[in-house]
>>> print(open('run_17.txt').read())   # compact mmCIF, C-alpha atoms
# COMPACT_ATOMS: atom_id res chain seq x y z
CA MET A 1 -60.65 3.19 39.26
CA THR A 2 -61.18 -0.16 37.68
CA ASP A 3 -63.47 -2.69 39.22
CA PRO A 4 -61.76 -5.47 41.04
CA ARG A 5 -61.65 -8.68 39.09
CA PRO A 6 -62.70 -11.98 40.62
CA GLY A 7 -59.87 -13.54 42.49
CA ASP A 8 -58.01 -10.27 43.13
CA ARG A 9 -58.66 -10.41 46.84
CA ALA A 10 -59.76 -13.00 49.35
CA GLY A 11 -63.43 -13.54 50.19
CA ARG A 12 -66.39 -15.18 48.61
CA ASP A 13 -67.91 -14.91 45.17
CA PRO A 14 -71.58 -13.91 44.70
CA ALA A 15 -72.56 -17.58 44.72
CA GLY A 16 -71.22 -17.85 48.21
CA GLY A 17 -68.32 -20.13 47.38
CA PRO A 18 -64.77 -19.46 48.52
CA VAL A 19 -62.69 -17.30 46.19
CA ARG A 20 -59.28 -18.74 45.32
CA ARG A 21 -56.39 -16.27 45.36
CA ARG A 22 -54.49 -15.99 42.09
CA LEU A 23 -50.97 -17.33 42.13
CA ASP A 24 -49.57 -14.10 40.69
CA ALA A 25 -51.52 -11.80 42.97
CA SER A 26 -48.33 -10.70 44.70
CA MET A 27 -46.87 -9.64 41.35
CA SER A 28 -49.71 -7.44 40.18
CA LEU A 29 -47.37 -4.68 38.92
CA LEU A 30 -45.33 -7.07 36.79
CA THR A 31 -48.52 -8.70 35.51
CA GLU A 32 -49.93 -5.34 34.51
CA VAL A 33 -46.73 -4.40 32.68
CA THR A 34 -46.56 -7.66 30.76
CA GLN A 35 -50.25 -7.85 29.88
CA HIS A 36 -50.75 -4.14 29.13
CA PRO A 37 -47.41 -2.78 27.92
CA LEU A 38 -48.91 0.17 26.03
CA ASP A 39 -49.90 3.26 28.00
CA PRO A 40 -53.68 3.85 27.83
CA GLU A 41 -53.28 7.35 26.38
CA TYR A 42 -51.02 6.12 23.58
CA ARG A 43 -53.48 3.34 22.88
CA GLU A 44 -56.40 5.78 22.67
CA ALA A 45 -54.42 8.05 20.32
CA ALA A 46 -53.62 5.07 18.08
CA GLU A 47 -57.29 4.04 18.04
CA ARG A 48 -58.41 7.59 17.12
CA ARG A 49 -55.84 7.76 14.29
CA ALA A 50 -57.00 4.37 12.98
CA ALA A 51 -60.66 5.45 13.16
CA ALA A 52 -59.90 8.64 11.22
CA GLY A 53 -58.13 6.63 8.50
CA LYS A 54 -54.73 8.33 8.92
CA PRO A 55 -51.84 6.04 7.95
CA ARG A 56 -49.05 5.48 10.42
CA ARG A 57 -45.85 7.34 9.64
CA ARG A 58 -42.93 5.14 8.66
CA GLY A 59 -39.50 6.53 7.81
CA GLY A 60 -39.92 9.73 5.89
CA ARG A 61 -37.56 12.62 5.55
CA GLY A 62 -36.19 12.08 9.06
CA THR A 63 -34.74 8.68 8.12
CA VAL A 64 -33.17 10.09 4.95
CA ALA A 65 -31.62 12.95 6.92
CA VAL A 66 -30.11 10.54 9.45
CA ALA A 67 -28.65 8.39 6.67
CA VAL A 68 -27.17 11.42 4.90
CA LEU A 69 -25.69 12.68 8.18
CA ALA A 70 -24.12 9.27 8.87
CA VAL A 71 -22.52 9.20 5.40
CA VAL A 72 -21.17 12.74 5.81
CA LEU A 73 -19.72 11.97 9.24
CA GLY A 74 -18.09 8.76 7.96
CA ALA A 75 -16.54 10.57 4.99
CA ALA A 76 -15.25 13.37 7.24
CA THR A 77 -13.71 10.87 9.67
CA THR A 78 -12.02 8.96 6.82
CA TRP A 79 -10.61 12.15 5.32
CA SER A 80 -9.27 13.27 8.72
CA VAL A 81 -7.49 9.93 9.29
CA LEU A 82 -5.93 10.00 5.83
CA ALA A 83 -4.83 13.60 6.27
CA LEU A 84 -3.17 12.82 9.60
CA ARG A 85 -1.37 9.74 8.29
CA ALA A 86 -0.17 11.36 5.08
CA PRO A 87 3.44 12.60 5.35
CA GLN A 88 3.86 16.33 5.40
CA PRO A 89 5.79 18.01 2.58
CA SER A 90 8.36 19.35 5.05
CA ALA A 91 8.96 15.85 6.45
CA ILE A 92 9.39 14.44 2.95
CA ALA A 93 11.86 17.18 2.05
CA ALA A 94 13.85 16.65 5.27
CA ARG A 95 13.97 12.90 4.63
CA GLU A 96 15.28 13.45 1.11
CA VAL A 97 17.97 15.79 2.43
CA LEU A 98 19.06 13.25 5.05
CA ALA A 99 19.12 10.45 2.46
CA GLY A 100 21.32 12.57 0.21
CA GLN A 101 23.69 13.36 3.08
CA ILE A 102 23.94 9.67 4.01
CA THR A 103 24.79 8.77 0.41
CA GLU A 104 27.45 11.49 0.23
CA ARG A 105 28.99 10.54 3.58
CA SER A 106 29.05 6.85 2.63
CA ALA A 107 30.83 7.63 -0.64
CA GLU A 108 33.30 9.86 1.21
CA LEU A 109 33.93 7.09 3.76
CA ASP A 110 34.64 4.57 1.00
CA ARG A 111 37.03 7.00 -0.66
CA LEU A 112 38.89 7.62 2.59
CA ARG A 113 39.15 3.88 3.24
CA ASP A 114 40.67 3.31 -0.18
CA ARG A 115 43.06 6.21 0.42
CA SER A 116 44.03 4.79 3.81
CA ALA A 117 44.72 1.37 2.33
CA ALA A 118 46.87 2.89 -0.43
CA LEU A 119 48.86 4.94 2.08
CA SER A 120 49.37 1.89 4.28
CA ASP A 121 50.76 -0.05 1.34
CA GLU A 122 53.03 2.87 0.49
CA ILE A 123 54.30 3.08 4.06
CA ALA A 124 55.01 -0.65 4.10
CA LEU A 125 56.94 -0.39 0.84
CA LEU A 126 59.02 2.58 2.03
CA GLN A 127 59.69 0.83 5.32
CA GLU A 128 60.90 -2.28 3.54
CA GLN A 129 63.16 -0.22 1.27
CA ALA A 130 64.61 1.71 4.21
CA LEU A 131 65.37 -1.47 6.13
CA SER A 132 66.59 -3.49 3.17
CA GLY A 133 70.17 -3.05 4.26
CA ALA A 134 69.48 -4.11 7.83
CA ASP A 135 69.53 -7.60 9.20
CA SER A 136 66.74 -9.94 8.08
CA PRO A 137 65.66 -10.77 11.68
CA LEU A 138 64.49 -7.17 12.08
CA LEU A 139 62.42 -7.34 8.91
CA ASP A 140 60.99 -10.70 10.00
CA GLN A 141 60.03 -9.25 13.36
CA LEU A 142 58.36 -6.26 11.70
CA ALA A 143 56.39 -8.62 9.46
CA VAL A 144 55.19 -10.64 12.47
CA ASP A 145 54.24 -7.51 14.38
CA SER A 146 52.34 -6.06 11.42
CA VAL A 147 50.26 -9.24 11.19
CA ALA A 148 49.53 -9.21 14.93
CA SER A 149 48.55 -5.54 14.86
CA GLY A 150 46.35 -6.00 11.80
CA ALA A 151 48.31 -3.48 9.74
CA THR A 152 48.94 -5.99 6.94
CA ALA A 153 46.46 -7.98 4.88
CA VAL A 154 46.94 -11.72 5.28
CA THR A 155 45.98 -14.86 3.33
CA GLY A 156 45.98 -18.48 4.39
CA ASP A 157 44.05 -21.48 5.71
CA GLY A 158 41.75 -21.13 8.67
CA LEU A 159 38.26 -21.40 10.14
CA ARG A 160 34.99 -19.62 9.36
CA ILE A 161 32.36 -19.48 12.09
CA THR A 162 28.91 -18.17 11.16
CA LEU A 163 26.26 -17.06 13.65
CA GLN A 164 22.76 -15.92 12.69
CA ASP A 165 19.76 -14.67 14.63
CA ALA A 166 17.04 -17.22 15.31
CA ASP A 167 14.07 -17.14 12.93
CA ALA A 168 11.48 -18.40 15.41
CA ASP A 169 10.61 -15.11 17.15
CA ASP A 170 12.24 -11.85 16.17
CA ASP A 171 10.91 -10.17 19.31
CA ASP A 172 12.73 -12.59 21.63
CA PRO A 173 16.04 -10.97 22.68
CA ASN A 174 17.47 -14.39 23.59
CA GLY A 175 17.25 -15.42 19.96
CA ARG A 176 19.59 -12.67 18.77
CA VAL A 177 23.36 -12.73 18.53
CA ARG A 178 24.92 -10.36 21.07
CA ASP A 179 28.23 -8.57 21.19
CA SER A 180 29.25 -10.74 24.16
CA ASP A 181 28.74 -13.85 22.01
CA LEU A 182 31.14 -12.55 19.37
CA GLN A 183 33.62 -11.52 22.06
CA LEU A 184 33.70 -15.01 23.61
CA VAL A 185 34.13 -16.74 20.26
CA VAL A 186 36.88 -14.34 19.16
CA ASN A 187 38.74 -14.74 22.46
CA GLY A 188 38.42 -18.51 22.10
CA LEU A 189 39.98 -18.33 18.63
CA TRP A 190 42.86 -16.18 19.87
CA ALA A 191 43.46 -18.70 22.67
CA SER A 192 43.34 -21.55 20.14
CA GLY A 193 46.22 -20.17 18.07
CA ALA A 194 44.58 -17.84 15.55
CA GLU A 195 47.08 -15.55 13.82
CA ALA A 196 44.57 -13.05 12.41
CA ILE A 197 40.79 -12.59 12.83
CA ALA A 198 38.15 -10.58 11.01
CA VAL A 199 34.41 -10.22 11.70
CA ASN A 200 32.29 -9.53 8.61
CA GLY A 201 35.43 -8.32 6.84
CA GLU A 202 36.51 -5.99 9.67
CA ARG A 203 40.02 -6.87 10.81
CA LEU A 204 40.62 -7.13 14.55
CA GLY A 205 43.69 -5.73 16.24
CA PRO A 206 44.99 -5.24 19.77
CA THR A 207 42.88 -2.09 20.28
CA THR A 208 39.71 -3.28 18.49
CA ALA A 209 36.49 -3.21 20.51
CA ILE A 210 33.37 -5.29 19.87
CA ARG A 211 30.42 -3.61 21.55
CA THR A 212 26.72 -2.80 21.27
CA ALA A 213 25.16 0.54 20.36
CA GLY A 214 21.39 0.24 20.59
CA ASP A 215 20.41 -2.84 18.60
CA ALA A 216 23.56 -2.81 16.44
CA ILE A 217 26.84 -4.63 17.05
CA LEU A 218 29.90 -2.51 16.30
CA VAL A 219 33.49 -3.40 15.53
CA ASP A 220 35.12 -0.17 16.68
CA VAL A 221 32.74 2.26 14.89
CA VAL A 222 31.59 0.00 12.02
CA PRO A 223 28.07 -1.48 12.44
CA LEU A 224 27.64 -5.14 11.54
CA VAL A 225 24.66 -6.81 9.88
CA GLY A 226 23.87 -10.48 10.40
CA PRO A 227 24.70 -13.18 9.65
CA TYR A 228 27.99 -12.68 11.49
CA ALA A 229 30.98 -14.40 9.89
CA ILE A 230 34.11 -14.76 12.04
CA GLU A 231 37.16 -15.71 9.96
CA ALA A 232 40.42 -16.76 11.59
CA ILE A 233 43.69 -17.67 9.88
CA GLY A 234 45.74 -20.48 11.39
CA ASP A 235 45.82 -24.26 11.63
CA PRO A 236 42.15 -25.27 11.04
CA GLN A 237 42.28 -28.56 12.93
CA GLY A 238 44.28 -27.16 15.82
CA MET A 239 42.00 -24.13 16.20
CA GLN A 240 38.85 -26.26 16.02
CA THR A 241 40.14 -28.64 18.67
CA GLY A 242 41.33 -25.83 20.91
CA LEU A 243 38.11 -23.83 20.47
CA ALA A 244 36.02 -26.78 21.67
CA ARG A 245 37.88 -26.64 25.00
CA THR A 246 37.24 -22.92 25.58
CA SER A 247 34.13 -21.10 26.78
CA GLY A 248 33.68 -19.79 23.23
CA GLY A 249 33.29 -23.29 21.81
CA GLN A 250 30.90 -24.27 24.59
CA LEU A 251 28.88 -21.12 23.92
CA LEU A 252 28.38 -22.12 20.27
CA ALA A 253 26.77 -25.39 21.36
CA VAL A 254 24.54 -23.62 23.89
CA LEU A 255 23.40 -20.98 21.41
CA GLN A 256 22.22 -23.59 18.93
CA SER A 257 20.70 -26.12 21.33
CA THR A 258 19.08 -23.74 23.84
CA TYR A 259 18.28 -20.52 21.96
CA GLY A 260 17.90 -21.80 18.40
CA ILE A 261 20.68 -19.57 17.00
CA PRO A 262 22.16 -21.31 13.94
CA THR A 263 25.95 -21.72 14.18
CA ARG A 264 28.31 -23.26 11.66
CA VAL A 265 32.04 -24.01 11.86
CA SER A 266 33.87 -24.88 8.63
CA SER A 267 37.48 -25.20 7.52
CA GLN A 268 38.62 -22.88 4.73
CA ARG A 269 41.49 -23.40 2.32
CA ASP A 270 42.08 -19.81 1.26
CA LEU A 271 40.95 -16.93 3.47
CA HIS A 272 41.72 -13.29 2.66
CA LEU A 273 41.61 -10.88 5.61
CA PRO A 274 42.03 -7.16 4.87
CA ALA A 275 44.30 -4.85 6.79
CA ALA A 276 42.90 -2.76 9.60
CA GLY A 277 43.07 0.99 9.70
CA THR A 278 46.20 2.61 11.07
CA VAL A 279 45.97 3.13 14.81
CA THR A 280 47.65 6.21 16.28
CA LEU A 281 48.74 5.72 19.88
CA ARG A 282 48.94 8.82 22.05
CA SER A 283 50.42 9.58 25.44
CA ALA A 284 49.99 12.40 27.92
CA GLU A 285 52.53 14.08 30.15
CA LEU A 286 51.75 14.66 33.80
CA PRO A 287 52.57 18.03 35.35
CA GLU A 288 55.23 18.15 38.03
CA GLY A 289 53.99 16.97 41.42
CA VAL A 290 51.04 14.91 40.08
CA PRO A 291 51.29 11.16 40.91
CA VAL A 292 50.61 8.59 38.21
CA LEU A 293 48.37 6.63 40.60
CA PRO A 294 46.48 7.94 43.66
CA GLY A 295 48.67 7.63 46.71
CA ALA A 296 51.85 7.07 44.70
CA THR A 297 54.93 9.25 44.95
CA PRO A 298 54.78 12.13 42.47
CA GLY A 299 57.09 11.64 39.53
CA PRO A 300 59.35 14.18 37.87
CA ALA A 301 58.03 16.59 35.31
CA GLY A 302 57.62 15.11 31.89
CA SER A 303 56.74 11.61 33.07
CA THR A 304 54.27 9.91 30.76
CA ALA A 305 51.02 8.13 31.46
CA PRO A 306 48.67 6.04 29.33
CA SER A 307 46.32 7.82 26.96
CA GLY A 308 43.21 9.12 28.68
CA THR A 309 44.89 9.97 32.03
CA LEU A 310 43.74 13.37 33.21
CA SER A 311 46.28 16.09 33.90
CA GLY A 312 46.28 18.13 37.06
CA ASP A 313 44.12 20.97 35.70
CA GLU A 314 41.39 18.64 34.35
CA SER A 315 38.53 17.03 36.19
CA GLU A 316 36.36 14.07 35.32
CA GLY A 317 33.27 16.22 35.37
CA ASP A 318 34.46 18.35 32.42
>>> encode(input="run_17.txt", output="structure tokens")
Amino acid sequence: MTDPRPGDRAGRDPAGGPVRRRLDASMSLLTEVTQHPLDPEYREAAERRAAAGKPRRRGGRGTVAVAVLAVVLGAATTWSVLALRAPQPSAIAAREVLAGQITERSAELDRLRDRSAALSDEIALLQEQALSGADSPLLDQLAVDSVASGATAVTGDGLRITLQDADADDDDPNGRVRDSDLQLVVNGLWASGAEAIAVNGERLGPTTAIRTAGDAILVDVVPLVGPYAIEAIGDPQGMQTGLARTSGGQLLAVLQSTYGIPTRVSSQRDLHLPAAGTVTLRSAELPEGVPVLPGATPGPAGSTAPSGTLSGDESEGD
């Protein structure tokens, strides 16, 4: 045990005077730790080593080994990350095969489109030759119907409306052009007197659908890439005035002012709209005893229904 120091406890000093208590007497443990941080045994060992003249060890082979181990572990981690991120040979080969198939299918699609356009022109020529002896009103009516159905390429004055995704934030879905936006504008042009309409060169007809598949906008089965150009043939001034009164024209103003989607409407002197692909309409015959509508009186055998109506031996779950 160590001898008590003066002032460690209350009482009197040898001179007989009162002993003042130290202010930190209640914190003796903390005082001991702060004033004597080194353990007595460690201190004695350090003093013996200093008395014997032995130098204190600093670094040495242990430090070198730790440094070498750290370098090896870092190199191994880097190699593992690079090996995981590097594409595998099988993935590269599969990607090349898919790219080749896409190129072949695209070339085949272009060839079939050209073939379809040539056959459509041939059909129109044969039809005109066959009906050359008939009355001109019939030919005029066929010409009007072919324009309305999109079966004939048309040229004339009209409007071009361009919509483009906003550049401010690509992650904001409100800044992108949607299929519903194109639908409203197209319907507004039809209501304003448009005779023929095409979106990014894809001719619209009575059975054409504008819809979304994932992030892409499709015209029937053809994906579109922005900017989206809607071209309509007709009276430019009349269509522009009529479009402003429809929901499509109001939508154009809202898209630009609220969502930052650039829109532009311009008159065109000479628009060329291609013909649409030939549409084959189909019908189905209902078996005897099957009504056309639920609850209706069954019709006779051989009655027809619109395409897509299920026959009696089919179910919607098939």
>>> residues_around(input="run_17.txt", residues="Glu128 (chain A)", least_positions_apart="6", cutoff="10 Å", atoms="only C-alpha atoms", output="list of chain:residue names")
A:Glu122, A:Ala134, A:Leu139, A:Leu142, A:Ala143
>>> closest_residue(input="run_17.txt", among="A:Ala52, A:Ala99, A:Ala198, A:Ala130", to="Ala275 (chain A)", atoms="all atoms listed in the file")
A:Ala198
>>> closest_residue(input="run_17.txt", among="A:Ile261, A:Val222, A:Leu98, A:Leu138", to="Val177 (chain A)", atoms="only C-alpha atoms")
A:Ile261
>>> atom_distance(input="run_17.txt", atom1="CA of Ala196 (chain A)", atom2="CA of Thr212 (chain A)")
22.4 Å
>>> closest_atom_pairs(input="run_17.txt", of="region 137-159 of chain A", to="region 101-118 of chain A", cutoff="10 Å", atoms="all atoms listed in the file", output="Markdown table")
| residue | atom | partner | partner_atom | distance |
| --- | --- | --- | --- | --- |
| A:Ala151 | CA | A:Ala117 | CA | 9.6 |
| A:Thr152 | CA | A:Ala117 | CA | 9.7 |
| A:Ala153 | CA | A:Ala117 | CA | 9.8 |
>>> atom_distance(input="run_17.txt", atom1="CA of Gln237 (chain A)", atom2="CA of Glu195 (chain A)")
13.9 Å
>>> closest_atom_pairs(input="run_17.txt", of="region 90-180 of chain A", to="region 243-259 of chain A", cutoff="9 Å", atoms="only C-alpha atoms", output="JSON lines")
{"residue": "A:Leu163", "atom": "CA", "partner": "A:Leu252", "partner_atom": "CA", "distance": 8.6}
{"residue": "A:Ala166", "atom": "CA", "partner": "A:Tyr259", "partner_atom": "CA", "distance": 7.5}
{"residue": "A:Asn174", "atom": "CA", "partner": "A:Tyr259", "partner_atom": "CA", "distance": 6.4}
{"residue": "A:Gly175", "atom": "CA", "partner": "A:Tyr259", "partner_atom": "CA", "distance": 5.6}
{"residue": "A:Arg176", "atom": "CA", "partner": "A:Tyr259", "partner_atom": "CA", "distance": 8.6}
{"residue": "A:Val177", "atom": "CA", "partner": "A:Leu255", "partner_atom": "CA", "distance": 8.7}
>>> residues_around(input="run_17.txt", residues="Tyr228 (chain A)", least_positions_apart="4", cutoff="9 Å", atoms="all atoms listed in the file", output="list in words")
Ile161, Thr162, Leu163, Gln164, Val177, Leu182, Val199, Asn200 and Leu224 of chain A
>>> residues_around(input="run_17.txt", residues="Gly201 (chain A)", least_positions_apart="3", cutoff="9 Å", atoms="only C-alpha atoms", output="list in words")
Ala198, Ala229, Ile230, Glu231, Leu273 and Pro274 of chain A
>>> atom_distance(input="run_17.txt", atom1="CA of Glu202 (chain A)", atom2="CA of Leu131 (chain A)")
29.4 Å
